[in-house]
$ cat query-v2.cif   # mmCIF, C-alpha atoms
data_work
#
loop_
_atom_site.label_atom_id
_atom_site.label_comp_id
_atom_site.auth_asym_id
_atom_site.auth_seq_id
_atom_site.Cartn_x
_atom_site.Cartn_y
_atom_site.Cartn_z
CA MET A 1 115.53 88.28 175.58
CA THR A 2 111.92 89.21 175.94
CA VAL A 3 109.65 87.26 173.73
CA SER A 4 106.33 88.84 174.38
CA GLN A 5 103.76 86.12 174.43
CA ARG A 6 100.17 86.68 173.56
CA GLN A 7 98.09 87.41 176.54
CA GLY A 8 94.44 86.63 175.98
CA GLY A 9 92.06 89.13 174.51
CA SER A 10 93.67 89.75 171.16
CA ARG A 11 91.62 89.16 168.06
CA VAL A 12 94.80 88.75 166.07
CA ASP A 13 95.89 85.22 165.36
CA ARG A 14 99.61 84.70 166.06
CA ALA A 15 101.82 82.22 164.27
CA PRO A 16 105.56 81.67 164.43
CA GLN A 17 105.55 80.92 160.76
CA GLY A 18 103.07 80.89 157.94
CA ASP A 19 101.42 77.97 156.20
CA LEU A 20 103.07 76.38 153.22
CA ALA A 21 101.89 78.94 150.71
CA GLN A 22 103.14 81.78 152.85
CA VAL A 23 106.44 80.06 153.44
CA ILE A 24 106.87 79.53 149.72
CA ASP A 25 106.10 83.16 149.13
CA LEU A 26 109.09 84.05 151.25
CA ILE A 27 111.70 81.43 150.68
CA LEU A 28 111.27 80.70 146.98
CA ASP A 29 110.83 84.29 145.92
CA LYS A 30 112.95 86.07 148.44
CA GLY A 31 116.18 85.60 150.26
CA LEU A 32 119.72 86.00 149.09
CA VAL A 33 120.73 84.36 145.89
CA ILE A 34 124.40 84.34 145.30
CA ASP A 35 125.95 83.69 141.94
CA ILE A 36 127.69 80.59 143.13
CA PHE A 37 124.35 78.92 143.61
CA VAL A 38 124.19 78.35 139.92
CA LYS A 39 126.72 75.69 140.73
CA ILE A 40 123.81 73.80 142.08
CA SER A 41 123.63 72.08 138.74
CA LEU A 42 127.27 71.11 138.96
CA VAL A 43 126.64 69.63 142.30
CA GLY A 44 123.87 67.69 140.71
CA ILE A 45 121.02 68.21 143.13
CA GLU A 46 117.69 68.48 141.52
CA LEU A 47 115.41 71.15 142.90
CA VAL A 48 111.82 70.17 142.81
CA THR A 49 109.72 73.16 141.99
CA ILE A 50 106.36 73.47 143.53
CA ASP A 51 103.36 75.05 141.97
CA ALA A 52 101.40 75.78 145.06
CA ARG A 53 100.05 79.15 144.23
CA ILE A 54 97.14 79.58 141.94
CA VAL A 55 96.75 82.78 140.09
CA ILE A 56 93.18 83.36 139.24
CA ALA A 57 92.12 85.05 136.07
CA SER A 58 89.97 88.07 136.72
CA VAL A 59 86.94 86.96 134.74
CA ASP A 60 86.63 83.93 136.92
CA THR A 61 86.95 86.10 139.96
CA TYR A 62 84.07 88.21 138.70
CA LEU A 63 81.92 85.17 138.15
CA ARG A 64 82.60 83.92 141.62
CA PHE A 65 81.81 87.27 143.17
CA ALA A 66 78.51 87.29 141.34
CA GLU A 67 77.89 83.77 142.54
CA ALA A 68 78.75 84.74 146.07
CA THR A 69 76.14 87.45 146.12
CA ASN A 70 73.53 84.83 145.35
CA ARG A 71 74.66 82.70 148.21
CA LEU A 72 74.77 85.74 150.40
CA ASP A 73 71.17 86.67 149.80
CA LEU A 74 70.11 83.19 150.72
CA HIS A 75 71.35 83.38 154.23
CA GLN A 76 71.01 87.06 154.74
CA LYS A 77 67.40 87.14 153.71
CA GLY A 78 68.04 90.27 151.73
CA GLY A 79 69.93 93.32 152.88
CA LYS A 80 68.27 96.68 153.16
CA SER A 81 67.88 97.35 149.50
CA LEU A 82 66.97 93.84 148.49
CA THR A 83 63.32 93.19 147.93
CA GLU A 84 61.59 89.85 148.06
CA THR A 85 63.38 87.33 145.97
CA ILE A 86 62.44 84.28 144.08
CA GLY A 87 64.83 82.25 146.21
CA GLY A 88 64.74 78.52 146.67
CA MET A 89 65.46 77.25 143.21
CA THR A 90 68.82 78.98 143.07
CA GLU A 91 70.93 76.42 144.80
CA SER A 92 70.95 73.54 142.35
CA ALA A 93 71.29 75.72 139.30
CA THR A 94 74.26 77.65 140.60
CA GLN A 95 76.10 74.75 142.05
CA GLY A 96 76.30 72.83 138.83
CA GLY A 97 77.59 75.85 137.04
CA ALA A 98 80.16 76.76 139.60
CA LYS A 99 81.86 73.42 139.47
CA GLY A 100 82.54 73.59 135.77
CA THR A 101 83.95 77.06 136.11
CA THR A 102 86.24 76.24 138.97
CA LYS A 103 87.99 73.47 137.16
CA GLY A 104 88.86 75.69 134.27
CA VAL A 105 90.09 78.31 136.64
CA ILE A 106 92.64 76.12 138.27
CA GLU A 107 94.12 75.03 135.00
CA ALA A 108 94.27 78.52 133.66
CA GLY A 109 95.70 79.67 136.93
CA LYS A 110 98.46 77.14 136.76
CA GLU A 111 99.55 78.30 133.35
CA LYS A 112 99.51 81.85 134.55
CA PHE A 113 101.54 80.90 137.53
CA ASP A 114 104.14 79.13 135.44
CA ASP A 115 104.49 82.20 133.27
CA TYR A 116 104.78 84.32 136.31
CA ARG A 117 107.47 82.14 137.80
CA GLY A 118 109.41 82.20 134.57
CA GLU A 119 109.36 85.95 134.56
CA ARG A 120 110.37 86.19 138.13
CA LYS A 121 113.33 83.93 137.62
CA GLN A 122 114.69 85.95 134.79
CA GLU A 123 114.20 89.15 136.61
CA LYS A 124 116.12 87.86 139.60
CA ARG A 125 118.91 86.34 137.66
CA ARG A 126 120.63 89.60 137.05
CA SER A 127 121.34 90.30 140.69
CA MET B 1 132.01 67.97 158.27
CA SER B 2 130.80 64.49 159.01
CA LYS B 3 131.05 63.58 155.38
CA GLY B 4 129.52 60.14 155.14
CA THR B 5 131.64 57.73 153.20
CA LYS B 6 128.68 56.02 151.61
CA THR B 7 126.83 58.86 149.90
CA LYS B 8 128.34 61.91 148.35
CA THR B 9 127.15 65.07 150.03
CA ALA B 10 127.09 68.75 149.29
CA THR B 11 126.60 71.73 151.56
CA TYR B 12 123.24 73.38 151.90
CA VAL B 13 123.31 77.01 153.04
CA TYR B 14 120.52 78.52 155.14
CA ALA B 15 121.79 81.86 156.20
CA VAL B 16 124.68 84.15 156.91
CA VAL B 17 125.16 85.60 160.39
CA ALA B 18 127.94 87.26 162.36
CA ALA B 19 130.79 85.01 163.48
CA GLY B 20 130.43 83.28 166.81
CA ALA B 21 126.69 82.82 166.41
CA ASP B 22 125.01 80.46 168.78
CA ILE B 23 122.46 78.52 166.77
CA PRO B 24 119.41 77.14 168.59
CA GLU B 25 119.49 73.41 169.24
CA GLY B 26 117.09 70.83 167.97
CA LEU B 27 116.36 72.27 164.55
CA GLU B 28 115.61 69.85 161.77
CA PRO B 29 117.81 70.35 158.68
CA VAL B 30 116.54 69.92 155.14
CA GLY B 31 116.98 66.71 153.20
CA GLU B 32 115.88 63.15 153.55
CA GLU B 33 118.84 61.97 155.56
CA PRO B 34 119.67 65.11 157.40
CA GLY B 35 122.95 65.51 159.19
CA GLU B 36 123.29 68.31 161.66
CA LEU B 37 123.25 72.03 161.42
CA GLU B 38 126.71 73.47 161.51
CA VAL B 39 128.15 76.94 161.68
CA LEU B 40 131.13 77.73 159.46
CA ASP B 41 133.03 80.75 160.70
CA HIS B 42 135.11 82.88 158.42
CA ARG B 43 136.54 86.23 159.48
CA SER B 44 133.67 88.22 160.97
CA LEU B 45 130.99 86.08 159.35
CA ALA B 46 129.47 82.65 159.65
CA ALA B 47 127.30 80.52 157.43
CA VAL B 48 124.68 78.18 158.80
CA VAL B 49 124.83 74.97 156.79
CA SER B 50 124.09 71.26 156.75
CA ASP B 51 125.10 68.37 154.54
CA VAL B 52 122.65 67.09 151.97
CA PRO B 53 123.07 63.98 149.86
CA VAL B 54 123.55 64.88 146.22
CA ASP B 55 121.52 62.02 144.85
CA LYS B 56 118.21 63.07 146.40
CA PRO B 57 116.04 65.87 145.09
CA LEU B 58 115.20 68.71 147.45
CA GLY B 59 111.86 70.41 147.65
CA ARG B 60 109.48 68.35 149.68
CA ARG B 61 107.07 70.27 151.80
CA GLN B 62 109.12 69.28 154.78
CA ASP B 63 112.29 70.69 153.23
CA LEU B 64 110.66 74.04 152.64
CA MET B 65 109.29 74.18 156.14
CA SER B 66 112.66 73.17 157.59
CA HIS B 67 114.48 75.91 155.74
CA GLU B 68 112.00 78.48 156.97
CA ARG B 69 112.03 77.17 160.51
CA VAL B 70 115.82 77.24 160.72
CA VAL B 71 116.21 80.80 159.49
CA ASN B 72 113.32 82.01 161.63
CA ALA B 73 114.68 80.35 164.73
CA ILE B 74 117.98 82.08 164.13
CA ALA B 75 116.24 85.38 163.46
CA GLU B 76 114.54 85.16 166.82
CA ASN B 77 117.77 86.07 168.58
CA MET B 78 120.19 87.53 166.10
CA THR B 79 120.47 89.43 162.87
CA VAL B 80 120.39 87.10 159.93
CA LEU B 81 120.67 87.21 156.15
CA PRO B 82 118.38 84.42 154.98
CA MET B 83 119.23 82.54 151.81
CA ARG B 84 116.61 81.66 149.31
CA PHE B 85 115.54 78.04 149.45
CA GLY B 86 117.79 75.64 147.58
CA GLY B 87 121.23 77.16 147.93
CA VAL B 88 123.71 74.33 147.68
CA VAL B 89 127.44 74.48 147.11
CA ALA B 90 130.01 71.75 146.58
CA ASN B 91 131.36 71.48 150.10
CA ASP B 92 132.18 73.35 153.30
CA GLN B 93 135.36 74.78 151.86
CA ALA B 94 133.42 76.24 148.95
CA VAL B 95 131.10 77.98 151.43
CA VAL B 96 134.08 79.72 152.95
CA ASP B 97 135.99 80.43 149.74
CA GLU B 98 133.20 81.26 147.37
CA LEU B 99 130.39 82.51 149.55
CA LEU B 100 131.78 84.13 152.67
CA GLU B 101 135.09 85.37 151.34
CA GLN B 102 133.87 86.61 148.00
CA ASN B 103 130.86 88.42 149.39
CA HIS B 104 132.39 89.40 152.68
CA ASP B 105 131.96 93.15 152.42
CA TYR B 106 128.41 92.96 151.18
CA PHE B 107 127.39 90.55 153.94
CA VAL B 108 128.99 92.67 156.64
CA TRP B 109 127.28 95.77 155.31
CA ALA B 110 123.90 94.06 154.95
CA LEU B 111 124.11 92.70 158.49
CA GLU B 112 124.76 96.22 159.72
CA GLN B 113 121.76 97.54 157.82
CA LEU B 114 119.48 95.00 159.41
CA ASP B 115 121.08 95.02 162.82
CA GLY B 116 118.55 94.69 165.59
CA CYS B 117 115.59 94.18 163.26
CA VAL B 118 113.13 91.38 162.66
CA GLN B 119 110.41 90.96 160.11
CA PHE B 120 106.75 90.34 160.73
CA VAL B 121 104.12 89.51 158.17
CA LEU B 122 100.58 90.74 158.68
CA HIS B 123 97.86 88.99 156.71
CA GLY B 124 94.23 89.96 156.72
CA ARG B 125 91.22 88.20 155.24
CA TYR B 126 87.83 89.73 154.74
CA ASP B 127 84.70 88.12 155.97
CA GLN B 128 83.35 87.86 152.48
CA ASP B 129 79.66 87.77 153.33
CA GLN B 130 80.02 90.91 155.39
CA LEU B 131 82.04 92.63 152.75
CA LEU B 132 79.71 91.79 149.88
CA GLY B 133 76.66 92.50 151.99
CA ARG B 134 77.97 95.97 152.68
CA ILE B 135 78.88 96.61 149.08
CA LEU B 136 75.45 95.56 147.85
CA GLY B 137 73.80 97.46 150.67
CA ASP B 138 75.54 100.64 149.64
CA ASN B 139 74.94 100.31 145.96
CA ALA B 140 71.46 99.94 144.52
CA GLU B 141 72.65 99.16 141.02
CA MET B 142 74.67 96.20 142.16
CA ALA B 143 71.91 94.98 144.42
CA GLU B 144 69.44 95.03 141.54
CA LEU B 145 71.83 93.29 139.26
CA SER B 146 72.44 90.65 141.86
CA GLU B 147 68.74 90.11 142.14
CA SER B 148 68.27 89.89 138.42
CA ILE B 149 70.65 86.98 138.09
CA ARG B 150 69.19 85.10 140.95
CA GLY B 151 67.91 81.70 139.98
CA THR B 152 69.08 82.02 136.40
CA GLN B 153 71.39 79.65 134.62
CA PRO B 154 74.96 80.94 134.77
CA ASP B 155 75.22 80.76 130.99
CA ALA B 156 72.02 82.68 130.44
CA THR B 157 73.17 85.63 132.52
CA TYR B 158 76.87 85.34 131.83
CA TYR B 159 77.39 88.97 130.89
CA GLU B 160 75.31 90.30 133.76
CA ARG B 161 77.38 88.17 136.08
CA ILE B 162 80.60 89.49 134.65
CA ARG B 163 79.34 93.04 134.98
CA LEU B 164 78.26 92.57 138.56
CA GLY B 165 81.44 90.77 139.47
CA GLU B 166 83.52 93.45 137.87
CA MET B 167 81.80 96.17 139.84
CA ILE B 168 82.15 94.24 143.05
CA SER B 169 85.75 93.54 142.29
CA ALA B 170 86.45 97.23 141.82
CA GLU B 171 84.77 97.99 145.15
CA VAL B 172 86.74 95.27 146.90
CA GLU B 173 89.91 96.69 145.43
CA ARG B 174 89.05 100.14 146.70
CA GLN B 175 88.42 98.72 150.12
CA ARG B 176 91.75 96.89 149.97
CA VAL B 177 93.68 100.00 149.13
CA ALA B 178 91.95 101.90 151.91
CA ASP B 179 92.55 99.16 154.45
CA ALA B 180 96.18 98.64 153.48
CA GLY B 181 96.65 102.37 153.82
CA SER B 182 95.14 102.58 157.27
CA ALA B 183 97.01 99.48 158.44
CA GLU B 184 100.25 100.97 157.28
CA GLU B 185 99.45 104.23 158.97
CA ARG B 186 98.76 102.46 162.23
CA ILE B 187 101.91 100.41 162.35
CA SER B 188 104.52 102.50 160.63
CA PRO B 189 105.29 104.56 163.74
CA PHE B 190 106.71 101.34 165.21
CA ALA B 191 108.33 100.02 162.05
CA VAL B 192 111.62 100.63 160.33
CA ALA B 193 110.00 99.83 157.00
CA VAL B 194 106.70 98.53 155.69
CA ALA B 195 106.26 96.71 152.38
CA THR B 196 102.74 96.41 151.05
CA LYS B 197 102.34 93.23 149.05
CA GLU B 198 99.44 92.02 147.01
CA ALA B 199 96.73 90.48 149.15
CA THR B 200 96.04 87.32 147.22
CA GLY B 201 92.74 85.54 146.96
CA GLU B 202 89.28 87.01 146.67
CA ASP B 203 89.03 87.57 150.38
CA GLY B 204 92.57 88.89 150.74
CA ALA B 205 92.46 92.16 152.65
CA VAL B 206 96.01 93.12 153.59
CA ASN B 207 99.42 91.58 153.17
CA LEU B 208 102.13 93.64 154.79
CA SER B 209 105.72 92.84 155.56
CA VAL B 210 107.05 94.91 158.39
CA LEU B 211 110.60 95.41 159.57
CA VAL B 212 110.61 96.10 163.29
CA ARG B 213 113.37 96.94 165.73
CA ARG B 214 113.47 94.36 168.48
CA GLU B 215 112.93 96.96 171.17
CA HIS B 216 109.78 98.18 169.42
CA ARG B 217 108.32 94.78 169.06
CA SER B 218 105.74 94.98 171.79
CA ASP B 219 104.62 98.45 170.73
CA PHE B 220 104.25 97.15 167.25
CA GLU B 221 102.24 94.17 168.41
CA GLN B 222 99.98 96.41 170.43
CA ALA B 223 99.35 98.51 167.36
CA VAL B 224 98.40 95.36 165.47
CA ASP B 225 96.06 94.34 168.27
CA ALA B 226 94.45 97.76 168.22
CA LEU B 227 93.94 97.43 164.51
CA GLY B 228 92.38 94.01 165.04
CA ASP B 229 89.97 95.48 167.58
CA GLU B 230 89.07 98.32 165.30
CA TRP B 231 88.36 96.05 162.35
CA GLY B 232 86.54 93.45 164.41
CA ASP B 233 84.94 90.62 162.46
CA ARG B 234 85.27 92.51 159.23
CA VAL B 235 88.89 91.39 158.77
CA ALA B 236 90.55 88.38 160.35
CA LEU B 237 94.16 89.31 161.05
CA ARG B 238 97.08 86.97 161.36
CA LEU B 239 100.48 88.07 162.53
CA ILE B 240 103.34 85.83 161.49
CA GLY B 241 106.76 86.17 162.99
CA PRO B 242 109.26 87.13 163.93
CA VAL B 243 110.66 85.78 160.70
CA ALA B 244 113.98 86.41 159.00
CA PRO B 245 114.01 89.69 157.04
CA PHE B 246 113.34 88.12 153.65
CA ASP B 247 111.54 91.14 152.32
CA PHE B 248 114.08 93.69 153.43
CA LEU B 249 117.43 92.39 152.29
CA PRO B 250 119.44 95.35 151.05
CA GLU B 251 120.38 95.23 147.39
CA PRO B 252 124.03 94.57 146.85
CA ALA B 253 125.87 97.62 145.57
CA ASP B 254 127.64 97.56 142.21
CA GLU B 255 130.41 95.06 141.86
CA ASP B 256 133.21 97.56 142.19
CA GLY B 257 131.53 99.36 145.05
CA ALA B 258 132.43 96.61 147.47
#
$ encode --input "query-v2.cif" --output "C-alpha cells"
Amino acid sequence: MTVSQRQGGSRVDRAPQGDLAQVIDLILDKGLVIDIFVKISLVGIELVTIDARIVIASVDTYLRFAEATNRLDLHQKGGKSLTETIGGMTESATQGGAKGTTKGVIEAGKEKFDDYRGERKQEKRRS
Amino acid sequence: MSKGTKTKTATYVYAVVAAGADIPEGLEPVGEEPGELEVLDHRSLAAVVSDVPVDKPLGRRQDLMSHERVVNAIAENMTVLPMRFGGVVANDQAVVDELLEQNHDYFVWALEQLDGCVQFVLHGRYDQDQLLGRILGDNAEMAELSESIRGTQPDATYYERIRLGEMISAEVERQRVADAGSAEERISPFAVAVATKEATGEDGAVNLSVLVRREHRSDFEQAVDALGDEWGDRVALRLIGPVAPFDFLPEPADEDGA
C-alpha cells in the first residue's frame, strides 16, 4: 500500500480531510441514503441539523467587492491606471458601513440556506 | 453487539464494504457514549456500524467529524460506499435484513463500479487583492468607478458600488470558469471522473471532486502540484483526501432492474 507522502516543495496544501464546512458538504449532502433510514424517527434519535454554511446574496457580494477595491488601493498605492487618490479619510467611513451590511447578510444568508436545504431534502427524497 | 443493559441503543451505519473487510483500529465512533466499530458481514457484503444510544441527539461537530474520519479511513485501503451522516436503524439484525439483504444487488454493483477508486477534493482560493488588482488594472472603467467611490459614504454611492461590484463579480466569475476549466484539463488525464462544484465564497476559485484510480494517485498528485506551481500565489490550492467517493456514488437503477 503506497501512501505517497508529500515531499517538500509543493505549494499545494494537503489535508486528510476538510474542515467542518467541507465535511458537512460531503456527509450531509452526499452519501447513500437508503429508504430504511426514514425509520430513524421510529428509532427515536433526534438529528441535530447544523446551519454552518452561509449563502450570501449577490447584492451584498457586490457591495463587498466594491469595498474591497477601496481597501486594495490603500495598500497598493494605486495600480497602473489609478491616479492620485484622496486616500486617508476612507478607513473610518467604510468600516462603519461595512459592519451594518455584514450583519444583514448573515441573517439573509441563513434564510437562504434554510430554503436551500429544504429544497435539497425534497429532491433527494425520491431516490 | 455489546448491547448495554442500561440504555437502549440503535445501530448507526457508516458504510458498506465487501465482506471480510479489515477495518482500521483506533477510530472514534459517533455518539456521546461510543461503543466500538463493528463489521456486520452478510453474503458478499459488510456494513460498518456502531451502537448509539437512542436517547441522545446526534449531530455535534465531533459526530460529523467522526463519521467522515471513519469512512475516509476505510476508503484509504478499500472500496467503500459511504452512507450519508445520520443513518440509524433499529438494531444489528435490521442492518442485515433491511439494508444489506434488501439492497444486496445494488451494493455489489456499486462496489464494482467504484472498485479501485478514491476521491480527492481540490479547493482553490484566490488571493483577493491580487485578483481585484488585476481586474481593476485591466479595466479603466472599473478603476475609475472604484476611485469615484473612494472616501464616500456607502449610502451616498450605493448604486455606484453595486455597479462596480457587479462588474467585478462578473469578471471574477469569468476567471472562475476559466480556472476550473484549466484545472479540469490538467487533472482529467489521471482521473476516472471529475465533478466541478460551485466554488463558494467571494474568493472561491475552484472546487473539484475527482475520482482517481489508486494506481494513478501519484500521477494525479503531481498534476495538482504542477497546477499549484503554475498558479503560484494567485490561487492557494488545497488537496483533501483520499476521501470516500461521496460525489461519485452510482445512482441505483430502477427498482425492478435489480
$ closest_residue --input "query-v2.cif" --among "B:Gly181, B:Pro154, B:Pro29, B:Gly133" --to "His67 in chain B" --atoms "all atoms listed in the file"
B:Pro29
$ residues_around --input "query-v2.cif" --residues "Gly35 in chain B" --least-positions-apart "3" --cutoff "8 Å" --atoms "only C-alpha atoms" --output "PDB file with C-alpha atoms, in the frame of the given file"
ATOM      1  CA  SER B   2     130.800  64.490 159.010  1.00  0.00           C
ATOM      2  CA  PRO B  29     117.810  70.350 158.680  1.00  0.00           C
ATOM      3  CA  SER B  50     124.090  71.260 156.750  1.00  0.00           C
ATOM      4  CA  ASP B  51     125.100  68.370 154.540  1.00  0.00           C
ATOM      5  CA  VAL B  52     122.650  67.090 151.970  1.00  0.00           C
TER       6      VAL B  52
END
$ interface_residues --input "query-v2.cif" --of "chain B" --to "chain A" --cutoff "6 Å" --atoms "all atoms listed in the file" --output "ChimeraX atom specification"
/B:54,57-59,82-85,87-88,90,151,161-162,164-166,225,228,237-241,246
$ residues_around --input "query-v2.cif" --residues "Val224 in chain B" --least-positions-apart "2" --cutoff "9 Å" --atoms "only C-alpha atoms" --output "PyMOL selection string"
(chain A and resi 12) or (chain B and resi 122+183+186-187+219-222+226-229+237+239)
$ residues_around --input "query-v2.cif" --residues "Arg43 in chain B" --least-positions-apart "4" --cutoff "12 Å" --atoms "only C-alpha atoms" --output "PDB file with C-alpha atoms, keeping the file's coordinate frame"
ATOM      1  CA  VAL B  17     125.160  85.600 160.390  1.00  0.00           C
ATOM      2  CA  ALA B  18     127.940  87.260 162.360  1.00  0.00           C
ATOM      3  CA  ALA B  19     130.790  85.010 163.480  1.00  0.00           C
ATOM      4  CA  GLY B  20     130.430  83.280 166.810  1.00  0.00           C
ATOM      5  CA  ALA B  47     127.300  80.520 157.430  1.00  0.00           C
ATOM      6  CA  VAL B  96     134.080  79.720 152.950  1.00  0.00           C
ATOM      7  CA  ASP B  97     135.990  80.430 149.740  1.00  0.00           C
ATOM      8  CA  LEU B 100     131.780  84.130 152.670  1.00  0.00           C
ATOM      9  CA  GLU B 101     135.090  85.370 151.340  1.00  0.00           C
ATOM     10  CA  GLN B 102     133.870  86.610 148.000  1.00  0.00           C
ATOM     11  CA  ASN B 103     130.860  88.420 149.390  1.00  0.00           C
ATOM     12  CA  HIS B 104     132.390  89.400 152.680  1.00  0.00           C
ATOM     13  CA  ASP B 105     131.960  93.150 152.420  1.00  0.00           C
ATOM     14  CA  PHE B 107     127.390  90.550 153.940  1.00  0.00           C
ATOM     15  CA  VAL B 108     128.990  92.670 156.640  1.00  0.00           C
TER      16      VAL B 108
END
$ atom_distance --input "query-v2.cif" --atom1 "CA of Gly204 in chain B" --atom2 "CA of Pro189 in chain B"
24.0 Å
$ atom_distance --input "query-v2.cif" --atom1 "CA of Val30 in chain B" --atom2 "CA of Asp55 in chain B"
13.9 Å
$ atom_distance --input "query-v2.cif" --atom1 "CA of Glu68 in chain B" --atom2 "CA of Leu27 in chain B"
10.7 Å
$ resolve_selection --input "query-v2.cif" --expression "the PyMOL selection byres ((chain B and resi 139) around 12)" --output "PyMOL selection string"
(chain A and resi 79-82) or (chain B and resi 132-138+140-146+164+167-168+171)
$ resolve_selection --input "query-v2.cif" --expression "the PyMOL selection byres ((chain B and resi 215) around 10)" --output "VMD selection string"
(chain A and resid 2) or (chain B and resid 116 to 117 190 212 to 214 216 to 220)
$ write_last_selection --input "query-v2.cif" --atoms "C-alpha atoms" --output "compact mmCIF listing (two decimals), in the coordinates of the input"
# COMPACT_ATOMS: atom_id res chain seq x y z
CA THR A 2 111.92 89.21 175.94
CA GLY B 116 118.55 94.69 165.59
CA CYS B 117 115.59 94.18 163.26
CA PHE B 190 106.71 101.34 165.21
CA VAL B 212 110.61 96.10 163.29
CA ARG B 213 113.37 96.94 165.73
CA ARG B 214 113.47 94.36 168.48
CA HIS B 216 109.78 98.18 169.42
CA ARG B 217 108.32 94.78 169.06
CA SER B 218 105.74 94.98 171.79
CA ASP B 219 104.62 98.45 170.73
CA PHE B 220 104.25 97.15 167.25
$ axis_aligned_box --input "query-v2.cif" --around "range 180-192 of chain B" --padding-each-side "3 Å" --output "AutoDock Vina command-line options"
--center_x 103.4 --center_y 101.6 --center_z 159.3 --size_x 22.5 --size_y 11.9 --size_z 17.7
$ resolve_selection --input "query-v2.cif" --expression "the PyMOL selection byres ((chain B and resi 196) around 7)" --output "VMD selection string"
chain B and resid 194 to 195 197 to 198 207 to 209
